[in-house]
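Okay, protein.csv now, which holds CSV, C-alpha atoms:
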chain,number,residue,atom,x,y,z
L,13,MET,CA,68.6,-46.9,-32.9
L,14,LEU,CA,66.9,-49.7,-34.9
L,15,SER,CA,67.8,-50.4,-38.6
L,16,CYS,CA,64.5,-50.8,-40.4
L,17,HIS,CA,65.6,-53.6,-42.6
L,18,ASN,CA,65.8,-55.9,-39.6
L,19,GLU,CA,62.2,-57.0,-38.8
L,20,LYS,CA,63.4,-59.0,-35.7
L,21,HIS,CA,64.8,-55.8,-34.2
L,22,LEU,CA,61.6,-53.8,-35.0
L,23,ASN,CA,59.6,-56.4,-33.1
L,24,LYS,CA,61.4,-55.4,-29.9
L,25,ILE,CA,60.0,-51.9,-29.9
L,26,PRO,CA,57.4,-52.5,-27.1
L,27,SER,CA,59.9,-54.1,-24.8
L,28,LEU,CA,62.8,-51.6,-25.1
L,29,ASP,CA,63.3,-49.2,-22.2
L,30,ALA,CA,64.3,-46.3,-24.4
L,31,ASP,CA,62.2,-43.1,-24.3
L,32,CYS,CA,62.7,-42.7,-28.1
L,33,ILE,CA,63.0,-45.3,-30.8
L,34,MET,CA,65.0,-44.2,-33.8
L,35,LEU,CA,63.7,-46.0,-36.9
L,36,ASN,CA,66.8,-45.8,-39.1
L,37,LEU,CA,66.8,-45.7,-42.9
L,38,GLU,CA,70.2,-44.1,-43.3
L,39,ASP,CA,73.6,-45.3,-42.2
L,40,GLY,CA,73.7,-49.1,-41.5
L,41,VAL,CA,71.1,-49.8,-44.2
L,42,SER,CA,72.7,-50.8,-47.5
L,43,GLU,CA,71.4,-49.3,-50.7
L,44,GLU,CA,69.9,-52.6,-51.9
L,45,LYS,CA,68.0,-53.0,-48.6
L,46,LYS,CA,66.7,-49.4,-48.4
L,47,PRO,CA,63.4,-50.2,-50.2
L,48,LEU,CA,62.7,-53.1,-47.7
L,49,ALA,CA,63.6,-50.8,-44.8
L,50,LEU,CA,61.2,-48.2,-45.9
L,51,LYS,CA,58.4,-50.8,-46.3
L,52,LEU,CA,59.1,-52.2,-42.8
L,53,CYS,CA,59.3,-48.7,-41.3
L,54,CYS,CA,55.8,-48.0,-42.6
L,55,GLU,CA,54.5,-51.2,-41.1
L,56,ALA,CA,56.1,-50.5,-37.8
L,57,LEU,CA,54.6,-47.0,-37.6
L,58,GLU,CA,51.2,-48.5,-38.4
L,59,LYS,CA,51.6,-51.3,-35.9
L,60,TYR,CA,53.0,-49.4,-32.9
L,61,THR,CA,50.7,-46.3,-32.8
L,62,ASN,CA,50.0,-46.8,-29.0
L,63,VAL,CA,53.5,-47.4,-27.6
L,64,GLU,CA,54.5,-45.0,-24.9
L,65,LYS,CA,57.7,-44.0,-26.7
L,66,LEU,CA,58.6,-41.4,-29.3
L,67,LEU,CA,58.9,-43.0,-32.8
L,68,VAL,CA,61.3,-40.9,-34.9
L,69,VAL,CA,62.4,-41.8,-38.4
L,70,ARG,CA,66.0,-41.1,-39.4
L,71,VAL,CA,65.7,-40.6,-43.1
L,72,ASN,CA,68.5,-40.2,-45.6
L,73,SER,CA,69.8,-36.8,-46.5
L,74,LEU,CA,67.4,-34.7,-48.5
L,75,ASP,CA,69.5,-35.0,-51.7
L,76,GLU,CA,69.9,-38.8,-51.3
L,77,GLY,CA,66.3,-40.1,-51.0
L,78,GLY,CA,65.2,-38.2,-47.9
L,79,VAL,CA,62.6,-36.1,-49.7
L,80,GLU,CA,60.9,-39.2,-51.1
L,81,GLU,CA,61.0,-41.0,-47.8
L,82,ILE,CA,59.4,-38.0,-46.0
L,83,GLU,CA,56.7,-37.8,-48.6
L,84,LYS,CA,56.0,-41.5,-48.3
L,85,LEU,CA,56.0,-41.5,-44.4
L,86,ASN,CA,54.1,-38.3,-43.7
L,87,SER,CA,50.7,-40.2,-43.7
L,88,TYR,CA,52.0,-42.7,-41.1
L,89,LYS,CA,52.6,-39.8,-38.6
L,90,PRO,CA,55.8,-40.6,-36.8
L,91,ASP,CA,56.5,-38.2,-33.9
L,92,ALA,CA,59.4,-36.7,-35.8
L,93,PHE,CA,61.8,-37.0,-38.7
L,94,ARG,CA,65.5,-36.9,-38.0
L,95,VAL,CA,67.2,-35.3,-41.0
L,96,PRO,CA,71.0,-35.9,-41.5
L,97,LYS,CA,73.7,-33.8,-43.2
L,98,ILE,CA,72.0,-30.5,-42.4
L,99,ARG,CA,74.1,-27.5,-43.3
L,100,THR,CA,72.1,-24.3,-43.5
L,101,VAL,CA,68.9,-22.7,-42.4
L,102,GLU,CA,67.6,-23.2,-45.9
L,103,ASP,CA,68.0,-27.0,-45.4
L,104,VAL,CA,65.9,-26.7,-42.3
L,105,GLU,CA,63.3,-24.7,-44.1
L,106,LEU,CA,63.1,-27.2,-46.9
L,107,ALA,CA,62.6,-30.1,-44.5
L,108,LEU,CA,59.9,-28.2,-42.7
L,109,GLU,CA,58.1,-27.6,-46.0
L,110,LEU,CA,58.2,-31.3,-46.7
L,111,ILE,CA,57.1,-32.5,-43.3
L,112,ASP,CA,53.5,-32.5,-42.2
L,113,ASP,CA,52.8,-29.7,-39.7
L,114,SER,CA,51.8,-32.2,-37.0
L,115,ILE,CA,55.2,-33.9,-37.1
L,116,GLY,CA,58.4,-32.6,-35.4
L,117,LEU,CA,61.8,-32.1,-36.9
L,118,HIS,CA,65.1,-33.4,-35.4
L,119,LEU,CA,68.4,-32.5,-36.8
L,120,SER,CA,71.8,-34.3,-37.0
L,121,ILE,CA,74.7,-32.0,-36.4
L,122,GLU,CA,77.5,-33.6,-38.4
L,123,THR,CA,78.8,-31.1,-40.9
L,124,LYS,CA,81.1,-28.1,-40.3
L,125,GLU,CA,78.4,-25.8,-41.7
L,126,ALA,CA,75.8,-27.1,-39.2
L,127,TRP,CA,78.3,-26.5,-36.4
L,128,LEU,CA,78.9,-22.9,-37.5
L,129,ASN,CA,75.2,-22.3,-37.9
L,130,LEU,CA,74.1,-24.1,-34.7
L,131,LYS,CA,72.4,-21.1,-33.1
L,132,GLU,CA,70.3,-20.4,-36.2
L,133,LEU,CA,69.1,-23.9,-37.0
L,134,ALA,CA,66.3,-24.3,-34.4
L,135,LYS,CA,64.4,-21.0,-34.8
L,136,ASN,CA,61.3,-22.8,-35.7
L,137,LYS,CA,59.5,-24.3,-32.7
L,138,ARG,CA,59.0,-27.6,-34.6
L,139,VAL,CA,62.8,-28.2,-34.3
L,140,THR,CA,63.0,-29.8,-30.9
L,141,THR,CA,66.1,-32.0,-30.8
L,142,LEU,CA,69.7,-32.0,-32.0
L,143,TYR,CA,71.9,-35.1,-32.3
L,144,LEU,CA,75.7,-34.9,-32.3
L,145,GLY,CA,77.1,-37.0,-35.1
L,146,ILE,CA,80.7,-36.8,-33.9
L,147,LEU,CA,82.2,-39.2,-36.4
L,148,ASP,CA,80.9,-37.4,-39.4
L,149,LEU,CA,81.6,-34.0,-37.9
L,150,LEU,CA,85.2,-34.8,-37.2
L,151,ALA,CA,85.6,-36.2,-40.7
L,152,ASP,CA,84.1,-33.1,-42.2
L,153,LEU,CA,86.4,-30.9,-40.1
L,154,LYS,CA,89.3,-33.1,-41.4
L,155,LEU,CA,90.1,-34.2,-37.8
L,156,PRO,CA,91.1,-37.8,-37.0
L,157,HIS,CA,88.6,-40.1,-35.1
L,158,SER,CA,91.5,-40.9,-32.8
L,159,LEU,CA,90.7,-37.6,-31.0
L,160,ILE,CA,87.6,-39.3,-29.5
L,161,GLU,CA,89.1,-40.0,-26.1
L,162,ILE,CA,87.6,-39.1,-22.8
L,163,SER,CA,90.6,-37.0,-21.7
L,164,ASN,CA,90.9,-35.1,-25.0
L,165,PRO,CA,90.1,-31.3,-24.5
L,166,THR,CA,88.8,-31.0,-28.1
L,167,ILE,CA,86.1,-33.6,-27.5
L,168,GLU,CA,85.2,-32.1,-24.2
L,169,TYR,CA,84.9,-28.7,-25.9
L,170,ILE,CA,82.7,-30.1,-28.7
L,171,LEU,CA,80.4,-31.8,-26.1
L,172,THR,CA,80.2,-28.7,-23.9
L,173,HIS,CA,79.6,-26.2,-26.7
L,174,PHE,CA,77.0,-28.5,-28.3
L,175,LEU,CA,75.1,-28.9,-24.9
L,176,ILE,CA,75.2,-25.2,-23.9
L,177,THR,CA,74.2,-23.9,-27.3
L,178,SER,CA,71.4,-26.4,-27.6
L,179,HIS,CA,70.0,-25.4,-24.2
L,180,ALA,CA,70.4,-21.7,-25.0
L,181,ILE,CA,68.2,-22.0,-28.1
L,182,GLY,CA,65.7,-24.2,-26.4
L,183,VAL,CA,66.2,-27.7,-27.9
L,184,LYS,CA,67.2,-31.0,-26.5
L,185,PRO,CA,70.8,-32.1,-27.1
L,186,VAL,CA,71.5,-35.8,-27.6
L,187,SER,CA,75.1,-37.0,-27.3
L,188,PHE,CA,76.8,-39.2,-29.8
L,189,VAL,CA,76.4,-42.9,-30.4
L,190,PHE,CA,79.2,-45.0,-28.9
L,191,GLN,CA,79.8,-47.7,-31.6
L,192,GLU,CA,81.7,-50.2,-29.5
L,193,TYR,CA,78.5,-51.6,-27.9
L,194,LYS,CA,80.3,-54.6,-26.3
L,195,ASN,CA,82.8,-52.4,-24.4
L,196,GLU,CA,80.5,-51.5,-21.5
L,197,SER,CA,83.3,-50.3,-19.2
L,198,LYS,CA,84.4,-47.6,-21.7
L,199,PHE,CA,80.8,-46.7,-22.3
L,200,ALA,CA,80.3,-46.2,-18.6
L,201,GLU,CA,83.3,-43.8,-18.6
L,202,TRP,CA,81.7,-41.7,-21.4
L,203,LEU,CA,78.4,-41.6,-19.5
L,204,GLU,CA,80.1,-40.4,-16.4
L,205,LEU,CA,81.7,-37.5,-18.4
L,206,GLU,CA,78.5,-36.7,-20.2
L,207,SER,CA,76.5,-36.7,-17.0
L,208,ARG,CA,79.0,-34.3,-15.4
L,209,ILE,CA,78.8,-32.0,-18.4
L,210,GLY,CA,75.0,-32.0,-18.2
L,211,PHE,CA,73.6,-34.3,-20.8
L,212,SER,CA,70.4,-36.2,-20.2
L,213,ALA,CA,70.1,-38.1,-23.5
L,214,LYS,CA,72.4,-40.3,-25.6
L,215,GLY,CA,71.9,-42.4,-28.7
L,216,CYS,CA,72.1,-46.1,-28.1
L,217,ILE,CA,72.6,-49.1,-30.4
L,218,SER,CA,71.9,-51.9,-27.9
L,219,PRO,CA,69.4,-52.6,-25.1
L,220,SER,CA,72.2,-52.9,-22.6
L,221,GLN,CA,73.4,-49.4,-23.5
L,222,VAL,CA,69.8,-48.1,-22.9
L,223,ILE,CA,69.8,-49.5,-19.4
L,224,MET,CA,73.2,-47.9,-18.6
L,225,VAL,CA,72.1,-44.5,-19.9
L,226,ASN,CA,68.9,-44.6,-17.9
L,227,LYS,CA,70.9,-45.3,-14.8
L,228,ALA,CA,73.6,-42.8,-15.5
L,229,PHE,CA,71.3,-39.9,-16.5
L,230,GLY,CA,68.5,-40.6,-14.1
L,231,ILE,CA,67.8,-38.9,-10.8
L,232,SER,CA,67.9,-40.9,-7.6
L,233,LYS,CA,64.9,-41.0,-5.3
L,234,THR,CA,66.8,-39.0,-2.7
L,235,GLU,CA,67.6,-36.2,-5.2
L,236,LEU,CA,64.0,-36.2,-6.4
L,237,ARG,CA,62.6,-36.0,-2.9
L,238,ARG,CA,65.0,-33.1,-2.1
L,239,ALA,CA,63.8,-31.2,-5.3
L,240,GLU,CA,60.2,-31.8,-4.4
L,241,GLU,CA,60.6,-30.5,-0.9
L,242,ILE,CA,62.5,-27.4,-2.0
L,243,VAL,CA,59.7,-26.6,-4.6
L,244,LYS,CA,57.0,-27.1,-2.0
L,245,ALA,CA,58.8,-24.9,0.6
L,246,PHE,CA,59.5,-22.1,-1.9
L,247,GLU,CA,56.0,-22.0,-3.3
L,248,LEU,CA,54.5,-22.0,0.3
L,249,ASN,CA,56.8,-19.1,1.4
L,250,SER,CA,56.4,-17.1,-1.8
L,251,LYS,CA,52.6,-17.0,-1.2
L,252,ASN,CA,53.6,-14.8,1.8
L,253,GLY,CA,56.0,-12.7,-0.2
L,254,ILE,CA,59.1,-14.5,1.1
L,255,THR,CA,61.4,-15.6,-1.8
L,256,GLY,CA,64.6,-16.1,0.2
L,257,PHE,CA,64.7,-18.1,3.5
L,258,VAL,CA,66.7,-20.8,5.4
L,259,HIS,CA,65.4,-24.3,5.2
L,260,GLU,CA,66.1,-26.4,8.3
L,261,LYS,CA,67.3,-29.3,6.1
L,262,TYR,CA,68.5,-27.8,2.8
L,263,GLY,CA,69.9,-24.4,3.9
L,264,PHE,CA,69.3,-21.2,2.0
L,265,ILE,CA,66.7,-21.3,-0.7
L,266,ASP,CA,65.9,-18.6,-3.2
L,267,GLU,CA,64.4,-18.4,-6.7
L,268,PRO,CA,67.5,-19.8,-8.5
L,269,ILE,CA,67.6,-22.8,-6.1
L,270,TYR,CA,63.8,-23.2,-6.7
L,271,LYS,CA,64.2,-23.1,-10.5
L,272,GLY,CA,67.0,-25.7,-10.3
L,273,ALA,CA,64.8,-28.0,-8.3
L,274,LEU,CA,62.0,-27.6,-10.8
L,275,ASN,CA,64.3,-28.5,-13.7
L,276,GLN,CA,65.4,-31.6,-11.8
L,277,ILE,CA,61.7,-32.7,-11.4
L,278,LYS,CA,61.0,-32.0,-15.1
L,279,ARG,CA,64.1,-34.0,-16.1
Taking this structure as input, can you express it in the form of structure tokens?
Amino acid sequence: MLSCHNEKHLNKIPSLDADCIMLNLEDGVSEEKKPLALKLCCEALEKYTNVEKLLVVRVNSLDEGGVEEIEKLNSYKPDAFRVPKIRTVEDVELALELIDDSIGLHLSIETKEAWLNLKELAKNKRVTTLYLGILDLLADLKLPHSLIEISNPTIEYILTHFLITSHAIGVKPVSFVFQEYKNESKFAEWLELESRIGFSAKGCISPSQVIMVNKAFGISKTELRRAEEIVKAFELNSKNGITGFVHEKYGFIDEPIYKGALNQIKR
């Protein structure tokens, strides 16, 4: 997550290890600096057209400048726009009308209405990614931020429900940003929990967080080798009509095991 009013941060785009760079025009950019941020965002999109990362612009909510920002930035062709404060399917439809057909749409889930409508928000295939805005969501639900503790069952429910629903509707779930970027030990604890739940993506606000996420959510060479060997063995046997067999190294392999290995390789 890079705030677009800070040119020094934008210049780091090529060197960052993140898969996706979030060019932020919303929270973290003061009202007086938003015109500068929009200008520098345009310049960054023009400058970094060949970087091997997704460039996503986090605009302001549609009723607070987001419409004008999308209209301005469409011609610069970011990979996607991330639209905050989404509430209804109608909000999504409006965003899709505004955004050029070649550009994707990402949604911030941070209102109680979005939470209730979660299954309906990504029916259009251009909606590919959902971000959990846990601070805003809790505030909108009139729940205290003090609930955000690793051992809290409410938070674990929110994370789990968000992940499972996102996968069920075919979009990528991105877990919430951890604001205390200097507290790496606590961040590591969150990553351990999120990894166990099944997340493979998390918002970051510092380069050191990116490194930790890549390590926590990555797959080891041993795991990758196992997945590749399972896929190879299953595909070889299935050519002969055998879709369930005992592998000398990995035990019983059938189609669900094969699909799980394929998912590991894709991840």
Find the nearest atom pair between each residue of range 80-120 of chain L and range 145-153 of chain L for residues within 10 Å, count all atoms listed in the file, give distances in Å to one decimal, sort rows by chain and ascending number, and present the table as JSON lines.
{"residue": "L:Pro96", "atom": "CA", "partner": "L:Gly145", "partner_atom": "CA", "distance": 8.9}
{"residue": "L:Lys97", "atom": "CA", "partner": "L:Asp148", "partner_atom": "CA", "distance": 8.9}
{"residue": "L:Leu119", "atom": "CA", "partner": "L:Gly145", "partner_atom": "CA", "distance": 9.9}
{"residue": "L:Ser120", "atom": "CA", "partner": "L:Gly145", "partner_atom": "CA", "distance": 6.2}
Residues of range 108-213 of chain L that approach range 17-38 of chain L to 12 Å or less, counting all atoms listed in the file: could you list each one with the shortest pair of atoms and its distance in Å to one decimal, rows by chain and increasing residue number, as a tab-separated table?
residue	atom	partner	partner_atom	distance
L:His118	CA	L:Met34	CA	10.9
L:Ser120	CA	L:Glu38	CA	11.8
L:Thr141	CA	L:Cys32	CA	11.5
L:Tyr143	CA	L:Met34	CA	11.5
L:Val186	CA	L:Cys32	CA	11.2
L:Val189	CA	L:Met34	CA	12.0
L:Ser212	CA	L:Asp31	CA	11.5
L:Ala213	CA	L:Asp31	CA	9.4
Could you give me the centre and size, in Å to one decimal, of an axis-aligned box around all listed atoms of range 200-214 of chain L with 3 Å added on every side, as lines of an AutoDock Vina configuration file?
center_x = 76.7
center_y = -39.1
center_z = -20.5
size_x = 19.2
size_y = 20.2
size_z = 16.2
Tell me, in Å to one decimal, how far CA of Lys59 in chain L is from CA of Ser42 in chain L.
24.1 Å
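Between CA of Glu125 in chain L and CA of Arg138 in chain L there is a distance of 20.7 Å.
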